[in-house]
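Engineer: File follows, upload.txt with compact mmCIF, C-alpha atoms and all ligand atoms:
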# COMPACT_ATOMS: atom_id res chain seq x y z
CA MET R 1 88.11 62.78 -2.87
CA ASP R 2 85.96 64.60 -5.42
CA LEU R 3 85.55 68.10 -3.95
CA GLY R 4 82.43 68.83 -5.99
CA LEU R 5 84.05 71.77 -7.78
CA LYS R 6 83.32 70.72 -11.36
CA GLY R 7 81.90 73.76 -13.16
CA ALA R 8 82.64 76.15 -10.25
CA ARG R 9 83.88 79.63 -11.17
CA ALA R 10 86.88 80.84 -9.16
CA LEU R 11 88.77 84.11 -8.81
CA VAL R 12 92.29 83.73 -7.42
CA THR R 13 94.57 86.75 -6.94
CA GLY R 14 98.29 86.31 -7.50
CA GLY R 15 98.05 83.12 -9.54
CA SER R 16 101.29 83.43 -11.52
CA ARG R 17 103.59 81.67 -9.03
CA GLY R 18 103.96 80.17 -5.58
CA ILE R 19 100.95 79.48 -3.42
CA GLY R 20 98.51 81.30 -5.75
CA ALA R 21 99.62 79.24 -8.75
CA ALA R 22 99.29 76.01 -6.75
CA ILE R 23 95.75 77.05 -5.72
CA CYS R 24 94.85 77.68 -9.38
CA ARG R 25 96.21 74.23 -10.29
CA ALA R 26 94.32 72.56 -7.43
CA LEU R 27 91.02 74.24 -8.34
CA ALA R 28 91.48 73.69 -12.08
CA GLY R 29 92.39 70.05 -11.41
CA GLU R 30 89.00 69.70 -9.69
CA GLY R 31 87.25 71.17 -12.74
CA ALA R 32 86.82 74.82 -11.66
CA ALA R 33 87.19 77.63 -14.20
CA ILE R 34 89.81 80.20 -13.18
CA ALA R 35 90.27 83.95 -13.44
CA THR R 36 93.52 85.15 -11.95
CA CYS R 37 95.83 88.17 -11.93
CA ALA R 38 99.36 89.34 -11.19
CA ARG R 39 101.34 92.49 -11.98
CA GLY R 40 103.66 90.70 -14.40
CA GLU R 41 102.10 89.71 -17.71
CA ASP R 42 104.93 87.32 -18.63
CA GLY R 43 104.44 85.37 -15.41
CA LEU R 44 100.74 85.01 -16.12
CA ASN R 45 101.28 83.93 -19.71
CA ALA R 46 103.69 81.28 -18.49
CA VAL R 47 101.03 79.56 -16.34
CA LEU R 48 97.66 80.09 -18.04
CA ASP R 49 98.12 77.35 -20.63
CA GLY R 50 99.00 74.95 -17.82
CA TYR R 51 95.66 75.65 -16.14
CA ARG R 52 93.82 75.27 -19.47
CA ALA R 53 95.61 71.95 -20.02
CA LEU R 54 93.69 70.67 -16.98
CA GLY R 55 90.53 71.04 -19.09
CA VAL R 56 89.09 74.29 -17.77
CA GLU R 57 88.61 77.87 -18.88
CA ALA R 58 91.38 80.14 -17.52
CA HIS R 59 91.77 83.91 -17.78
CA GLY R 60 94.50 86.21 -16.53
CA GLU R 61 94.97 89.97 -16.33
CA ALA R 62 98.05 91.99 -15.39
CA PHE R 63 97.40 94.79 -12.90
CA ASP R 64 98.16 95.82 -9.31
CA VAL R 65 95.47 94.72 -6.83
CA ARG R 66 96.22 97.83 -4.73
CA GLU R 67 94.65 100.01 -7.45
CA PRO R 68 90.95 100.05 -6.53
CA GLU R 69 89.64 100.82 -10.02
CA ALA R 70 91.77 98.14 -11.64
CA LEU R 71 90.57 95.60 -9.05
CA GLU R 72 86.96 96.59 -9.62
CA GLY R 73 87.31 96.26 -13.40
CA TRP R 74 88.93 92.83 -13.09
CA VAL R 75 86.20 91.46 -10.82
CA ALA R 76 83.47 92.70 -13.17
CA ARG R 77 85.19 91.41 -16.32
CA SER R 78 86.01 88.06 -14.70
CA ALA R 79 82.40 87.58 -13.60
CA GLU R 80 81.29 88.30 -17.15
CA LYS R 81 83.80 85.93 -18.74
CA LEU R 82 83.09 83.08 -16.28
CA GLY R 83 79.33 83.69 -16.21
CA GLY R 84 79.38 84.37 -12.45
CA ILE R 85 81.57 83.80 -9.39
CA ASP R 86 81.30 81.00 -6.82
CA ILE R 87 84.76 81.15 -5.21
CA VAL R 88 87.22 83.91 -4.34
CA VAL R 89 90.71 83.18 -3.07
CA SER R 90 92.41 86.38 -1.96
CA ASN R 91 96.07 85.39 -1.96
CA VAL R 92 98.23 88.39 -2.86
CA SER R 93 100.85 89.89 -0.63
CA THR R 94 103.62 92.14 -1.93
CA ARG R 95 106.96 92.53 -0.22
CA ILE R 96 107.23 96.14 0.98
CA ASP R 97 110.61 97.78 1.64
CA PRO R 98 110.71 98.47 5.41
CA ALA R 99 113.13 101.33 4.75
CA SER R 100 110.46 103.16 2.77
CA ALA R 101 108.79 106.15 4.43
CA ASP R 102 105.46 104.61 3.42
CA TRP R 103 106.17 101.16 4.83
CA TRP R 104 103.14 101.13 7.16
CA PRO R 105 100.56 102.69 4.77
CA ASP R 106 101.85 100.51 1.90
CA THR R 107 101.56 97.37 4.03
CA PHE R 108 98.08 98.48 5.11
CA GLU R 109 97.04 98.69 1.43
CA THR R 110 98.73 95.42 0.48
CA ASP R 111 97.89 93.14 3.37
CA LEU R 112 94.56 94.55 4.51
CA MET R 113 92.70 97.07 2.34
CA GLN R 114 92.92 95.25 -0.98
CA HIS R 115 91.41 92.16 0.71
CA VAL R 116 88.61 94.34 2.13
CA ARG R 117 87.91 95.83 -1.32
CA LEU R 118 87.94 92.41 -3.01
CA LYS R 119 85.47 91.05 -0.45
CA THR R 120 83.13 94.03 -1.03
CA LEU R 121 83.35 93.72 -4.83
CA ALA R 122 82.85 89.95 -4.81
CA VAL R 123 79.86 89.66 -2.46
CA PRO R 124 77.16 90.72 -4.98
CA HIS R 125 78.44 88.03 -7.37
CA LEU R 126 78.90 85.35 -4.69
CA GLU R 127 75.35 85.92 -3.44
CA ARG R 128 74.13 84.71 -6.82
CA GLY R 129 76.73 81.91 -6.99
CA ASN R 130 76.62 78.23 -6.03
CA ASP R 131 78.09 77.01 -2.71
CA ALA R 132 79.80 80.39 -2.40
CA ALA R 133 83.07 80.56 -0.50
CA MET R 134 85.92 82.99 0.12
CA VAL R 135 89.39 81.99 1.32
CA PHE R 136 91.92 84.57 2.52
CA ILE R 137 95.60 83.69 2.73
CA ALA R 138 96.98 85.10 5.97
CA SER R 139 100.17 83.95 7.73
CA ILE R 140 101.39 82.59 11.05
CA ALA R 141 103.06 86.03 11.29
CA SER R 142 99.63 87.05 12.63
CA VAL R 143 100.29 85.29 15.94
CA MET R 144 104.06 85.54 16.27
CA THR R 145 105.76 88.02 18.57
CA THR R 146 109.29 87.12 17.51
CA LEU R 147 109.08 88.21 13.89
CA PRO R 148 112.08 89.74 12.15
CA PRO R 149 111.82 93.56 12.40
CA HIS R 150 111.03 93.89 8.67
CA GLU R 151 107.83 91.85 9.18
CA GLU R 152 106.42 94.00 12.01
CA ALA R 153 103.79 95.71 9.82
CA TYR R 154 103.06 92.51 7.86
CA GLY R 155 102.31 90.53 11.05
CA ALA R 156 99.95 93.20 12.35
CA MET R 157 98.02 93.41 9.06
CA LYS R 158 97.75 89.62 8.74
CA ALA R 159 96.34 89.56 12.29
CA GLY R 160 93.77 92.16 11.22
CA LEU R 161 92.88 90.04 8.21
CA VAL R 162 92.24 86.95 10.35
CA ASN R 163 89.97 89.02 12.60
CA LEU R 164 88.05 90.31 9.58
CA VAL R 165 87.57 86.77 8.27
CA GLY R 166 85.83 85.90 11.54
CA GLN R 167 83.60 88.96 11.30
CA TRP R 168 82.79 88.40 7.62
CA ALA R 169 81.90 84.75 8.27
CA VAL R 170 79.12 85.94 10.59
CA MET R 171 78.04 88.88 8.43
CA LEU R 172 77.88 86.84 5.21
CA ALA R 173 76.36 83.62 6.56
CA PRO R 174 72.80 84.91 5.89
CA LYS R 175 73.84 85.30 2.24
CA ALA R 176 75.10 81.68 2.25
CA ILE R 177 78.70 82.77 1.71
CA ARG R 178 81.34 80.96 3.76
CA VAL R 179 84.55 82.80 4.68
CA ASN R 180 87.74 81.15 5.94
CA ALA R 181 91.44 81.90 6.31
CA ILE R 182 94.60 79.86 5.94
CA SER R 183 97.72 80.84 7.87
CA PRO R 184 100.76 79.22 6.30
CA GLY R 185 104.16 78.94 7.88
CA PRO R 186 107.25 79.36 5.68
CA VAL R 187 106.67 77.90 2.21
CA ASP R 188 109.49 77.21 -0.22
CA PHE R 189 109.25 77.18 -4.02
CA GLU R 190 111.56 78.05 -6.89
CA GLY R 191 111.79 81.82 -7.29
CA GLY R 192 110.01 82.49 -3.97
CA TRP R 193 111.31 84.47 -1.01
CA TRP R 194 112.50 81.40 0.92
CA ASP R 195 114.26 80.10 -2.18
CA GLN R 196 116.27 83.33 -2.19
CA VAL R 197 117.00 82.92 1.53
CA LYS R 198 118.10 79.31 0.92
CA LYS R 199 120.66 80.54 -1.60
CA ALA R 200 121.80 83.77 0.10
CA GLN R 201 121.49 82.87 3.81
CA PRO R 202 121.42 79.07 4.16
CA GLU R 203 121.82 79.26 7.97
CA MET R 204 118.65 81.35 8.26
CA TYR R 205 116.79 78.88 6.02
CA GLN R 206 117.93 75.96 8.19
CA ARG R 207 116.88 77.84 11.32
CA ALA R 208 113.40 78.40 9.86
CA ALA R 209 113.16 74.70 8.93
CA GLY R 210 114.25 73.71 12.43
CA LEU R 211 111.51 75.79 14.05
CA ALA R 212 108.82 73.55 12.57
CA ALA R 213 107.99 70.33 14.42
CA LEU R 214 108.21 68.56 11.05
CA GLY R 215 111.69 70.03 10.52
CA ARG R 216 111.12 71.56 7.10
CA LEU R 217 109.38 74.30 5.14
CA GLY R 218 106.09 73.66 3.37
CA ALA R 219 105.38 73.26 -0.34
CA PRO R 220 102.78 75.41 -2.15
CA GLU R 221 100.65 72.32 -2.85
CA GLU R 222 100.35 71.67 0.91
CA ILE R 223 98.61 75.04 1.24
CA ALA R 224 96.70 74.79 -2.04
CA ASP R 225 94.97 71.47 -1.28
CA ALA R 226 93.60 72.96 1.94
CA ALA R 227 92.47 76.09 0.06
CA ALA R 228 90.64 73.95 -2.49
CA PHE R 229 88.92 72.04 0.33
CA LEU R 230 87.85 75.27 2.09
CA ALA R 231 86.58 76.63 -1.24
CA SER R 232 84.57 73.50 -1.90
CA PRO R 233 81.15 72.26 -0.76
CA LYS R 234 83.00 69.45 1.09
CA SER R 235 83.66 72.05 3.81
CA SER R 236 80.03 73.22 3.85
CA PHE R 237 79.88 73.52 7.69
CA THR R 238 83.21 75.37 7.97
CA THR R 239 83.13 79.15 8.19
CA GLY R 240 85.13 81.65 10.23
CA ALA R 241 88.00 79.18 10.57
CA ASN R 242 91.68 80.04 10.40
CA LEU R 243 93.54 76.92 9.32
CA ARG R 244 97.15 77.01 10.46
CA ILE R 245 99.42 75.04 8.11
CA ASP R 246 102.95 75.43 9.42
CA GLY R 247 104.39 71.96 10.02
CA GLY R 248 103.96 72.54 13.76
CA LEU R 249 105.97 75.77 13.88
CA VAL R 250 103.66 77.67 16.25
CA LYS R 251 103.85 75.71 19.48
CA THR R 252 100.39 76.36 20.86
CA PRO R 253 97.16 74.41 20.43
CA ASN R 254 95.09 76.14 17.77
CA PHE R 255 91.89 76.89 19.75
N1 LIG H 301 105.73 81.93 0.94
C1 LIG H 301 105.64 81.92 2.27
O1 LIG H 301 106.55 81.48 2.99
C2 LIG H 301 104.38 82.41 2.96
C3 LIG H 301 104.23 82.19 4.34
C4 LIG H 301 103.08 82.64 4.97
C5 LIG H 301 102.10 83.30 4.24
N2 LIG H 301 102.29 83.51 2.92
C6 LIG H 301 101.23 84.23 2.21
O2 LIG H 301 100.82 83.47 1.08
C7 LIG H 301 100.42 84.34 0.02
C8 LIG H 301 101.20 84.00 -1.25
O3 LIG H 301 102.57 84.02 -0.95
P1 LIG H 301 103.69 83.58 -2.01
O4 LIG H 301 104.94 83.33 -1.23
O5 LIG H 301 103.17 82.54 -2.92
O6 LIG H 301 103.85 85.02 -2.75
P2 LIG H 301 104.72 85.53 -3.99
O7 LIG H 301 105.80 84.59 -4.37
O8 LIG H 301 105.10 86.90 -3.65
O9 LIG H 301 103.62 85.49 -5.15
C9 LIG H 301 102.56 86.37 -5.07
C10 LIG H 301 101.71 86.32 -6.33
O10 LIG H 301 100.95 87.53 -6.29
C11 LIG H 301 101.30 88.39 -7.38
N3 LIG H 301 101.34 89.75 -6.82
C12 LIG H 301 102.17 90.24 -5.86
N4 LIG H 301 101.87 91.52 -5.59
C13 LIG H 301 100.82 91.85 -6.40
C14 LIG H 301 100.06 93.02 -6.57
N5 LIG H 301 100.31 94.12 -5.85
N6 LIG H 301 99.05 93.01 -7.48
C15 LIG H 301 98.77 91.89 -8.21
N7 LIG H 301 99.46 90.75 -8.07
C16 LIG H 301 100.48 90.73 -7.18
C17 LIG H 301 102.66 87.88 -7.85
O11 LIG H 301 102.92 88.21 -9.22
P3 LIG H 301 103.64 89.62 -9.62
O12 LIG H 301 104.87 89.72 -8.77
O13 LIG H 301 103.90 89.48 -11.07
O14 LIG H 301 102.67 90.69 -9.30
C18 LIG H 301 102.48 86.39 -7.64
O15 LIG H 301 101.67 85.84 -8.66
C19 LIG H 301 100.67 85.77 0.54
O16 LIG H 301 99.49 86.30 1.06
C20 LIG H 301 101.69 85.56 1.64
O17 LIG H 301 101.62 86.59 2.64
C21 LIG H 301 103.39 83.09 2.26
Let me see the structure of the file written as structure tokens.
Structural biologist:
Amino acid sequence: MDLGLKGARALVTGGSRGIGAAICRALAGEGAAIATCARGEDGLNAVLDGYRALGVEAHGEAFDVREPEALEGWVARSAEKLGGIDIVVSNVSTRIDPASADWWPDTFETDLMQHVRLKTLAVPHLERGNDAAMVFIASIASVMTTLPPHEEAYGAMKAGLVNLVGQWAVMLAPKAIRVNAISPGPVDFEGGWWDQVKKAQPEMYQRAAGLAALGRLGAPEEIADAAAFLASPKSSFTTGANLRIDGGLVKTPNF
């Protein structure tokens, strides 16, 4: 299916690996120009040529999305380089040490506030864009009550993010900006968190796989294709949705 993204201009946070990198590849493969970011410059340099090889413009900057001024500068520079913004995919999460005294405030910054700031910074550009859409990457942790203790703060913030997506969908509809969320279940890729679990605690990995009705973890591309669809005009009547992609892990109908 041609998603109608040729010539679209997309910002994707955290595009150097994992789900963010797969989203960049999916959008670039559909002909969208990409501006992405990550903290590590080497990681970005390793992927940017791959996006360009798909025939599109691709830019990357190394900074921490939790620094408001750095985020603001990146959005402005990216809009200038791409000639505008039509799509924003807010994908970053950062693993926070639960033993840290600042676990809760750090998780608040990482899994909630930086998304709020990105939305605020992007809206003036999206208003002038074509078929404008935002996609926020949440997690099924938002609806689970049996999370491991180290994910307590993460689950609460992801739940807040899903709520905000619903509110923003209504607030931004008059500006013709659609806003949706994706809530992935466990996703495995080389160098990712579940890859480390697979090597260090294979029983825990197998338990996680067994929780899903499909009996396995997901692949980044299985999240990215849905993100590209939600970012595209092919989903023009979809806003305020939270698409659960977890292989049937959460055992409730998704009303
Ligand atoms: N993987 C899963 O099982 C899973 C399940 C449910 C939901 N999710 C959600 O899916 C999203 C992506 O997850 P993932 O597993 O692909 O993540 P990941 O492996 O941690 O990759 C995150 C990407 O974001 C960048 N990044 C991390 N912290 C950053 C920061 N503070 N500032 C700028 N860039 C930063 C990383 O590069 P640097 O490290 O170089 O900064 C990397 O490019 C997250 O929102 C996560 O909560 C993932």
Engineer: From the list R:Met144, R:Ala231, R:Pro202, R:Gly191, which residue is nearest Arg178 (chain R) when using only C-alpha atoms?
Structural biologist: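 Closest to Arg178 (chain R), using only C-alpha atoms: R:Ala231.
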Engineer: What's the 12 Å shell around Asn254 (chain R), counting all atoms listed in the file, without same-chain residues fewer than 3 positions away, as a ChimeraX atom specification?
Structural biologist: /R:140,143,183,241-246,248-251
Engineer: Closest to ligand LIG 301 (chain H) among R:Glu30, R:Glu203, R:Asp106, R:Asp188, using only C-alpha atoms and all ligand atoms?
Structural biologist: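 Of all the options, R:Asp188 lies closest to ligand LIG 301 (chain H).
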Engineer: Let me see if you get this right: every residue at most 7 Å from ligand LIG 301 (chain H), counting all atoms listed in the file, written as a PDB file with C-alpha atoms, keeping the file's coordinate frame.
Structural biologist:
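The resulting file, out.pdb, is shown below:
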ATOM      1  CA  THR R  13      94.570  86.750  -6.940  1.00  0.00           C
ATOM      2  CA  GLY R  14      98.290  86.310  -7.500  1.00  0.00           C
ATOM      3  CA  GLY R  15      98.050  83.120  -9.540  1.00  0.00           C
ATOM      4  CA  SER R  16     101.290  83.430 -11.520  1.00  0.00           C
ATOM      5  CA  ARG R  17     103.590  81.670  -9.030  1.00  0.00           C
ATOM      6  CA  GLY R  18     103.960  80.170  -5.580  1.00  0.00           C
ATOM      7  CA  ILE R  19     100.950  79.480  -3.420  1.00  0.00           C
ATOM      8  CA  GLY R  20      98.510  81.300  -5.750  1.00  0.00           C
ATOM      9  CA  ALA R  21      99.620  79.240  -8.750  1.00  0.00           C
ATOM     10  CA  CYS R  37      95.830  88.170 -11.930  1.00  0.00           C
ATOM     11  CA  ALA R  38      99.360  89.340 -11.190  1.00  0.00           C
ATOM     12  CA  ARG R  39     101.340  92.490 -11.980  1.00  0.00           C
ATOM     13  CA  GLY R  40     103.660  90.700 -14.400  1.00  0.00           C
ATOM     14  CA  GLU R  41     102.100  89.710 -17.710  1.00  0.00           C
ATOM     15  CA  GLY R  43     104.440  85.370 -15.410  1.00  0.00           C
ATOM     16  CA  PHE R  63      97.400  94.790 -12.900  1.00  0.00           C
ATOM     17  CA  ASP R  64      98.160  95.820  -9.310  1.00  0.00           C
ATOM     18  CA  VAL R  65      95.470  94.720  -6.830  1.00  0.00           C
ATOM     19  CA  ARG R  66      96.220  97.830  -4.730  1.00  0.00           C
ATOM     20  CA  ASN R  91      96.070  85.390  -1.960  1.00  0.00           C
ATOM     21  CA  VAL R  92      98.230  88.390  -2.860  1.00  0.00           C
ATOM     22  CA  SER R  93     100.850  89.890  -0.630  1.00  0.00           C
ATOM     23  CA  THR R  94     103.620  92.140  -1.930  1.00  0.00           C
ATOM     24  CA  ARG R  95     106.960  92.530  -0.220  1.00  0.00           C
ATOM     25  CA  THR R 110      98.730  95.420   0.480  1.00  0.00           C
ATOM     26  CA  ILE R 137      95.600  83.690   2.730  1.00  0.00           C
ATOM     27  CA  ALA R 138      96.980  85.100   5.970  1.00  0.00           C
ATOM     28  CA  SER R 139     100.170  83.950   7.730  1.00  0.00           C
ATOM     29  CA  ILE R 140     101.390  82.590  11.050  1.00  0.00           C
ATOM     30  CA  SER R 183      97.720  80.840   7.870  1.00  0.00           C
ATOM     31  CA  PRO R 184     100.760  79.220   6.300  1.00  0.00           C
ATOM     32  CA  GLY R 185     104.160  78.940   7.880  1.00  0.00           C
ATOM     33  CA  PRO R 186     107.250  79.360   5.680  1.00  0.00           C
ATOM     34  CA  VAL R 187     106.670  77.900   2.210  1.00  0.00           C
ATOM     35  CA  ASP R 188     109.490  77.210  -0.220  1.00  0.00           C
ATOM     36  CA  GLY R 192     110.010  82.490  -3.970  1.00  0.00           C
ATOM     37  CA  TRP R 193     111.310  84.470  -1.010  1.00  0.00           C
ATOM     38  CA  TRP R 194     112.500  81.400   0.920  1.00  0.00           C
TER      39      TRP R 194
END
Engineer: Using all atoms listed in the file, which protein or nucleic acid residues come within 8 Å of Lys158 (chain R)? Drop anything in the same chain fewer than 2 positions from it, and give the result as JSON, numbers by chain.
Structural biologist: {"R": [111, 112, 138, 139, 141, 142, 154, 155, 156, 160, 161, 162]}
Engineer: Could you check which of R:Asp97, R:Asp195, R:Asp42, R:Glu190 is closest to Glu61 (chain R), using all atoms listed in the file?
Structural biologist: R:Asp42
Engineer: Hey, can you check how far CA of Pro233 (chain R) sits from CA of Ile182 (chain R)?
Structural biologist: 16.8 Å
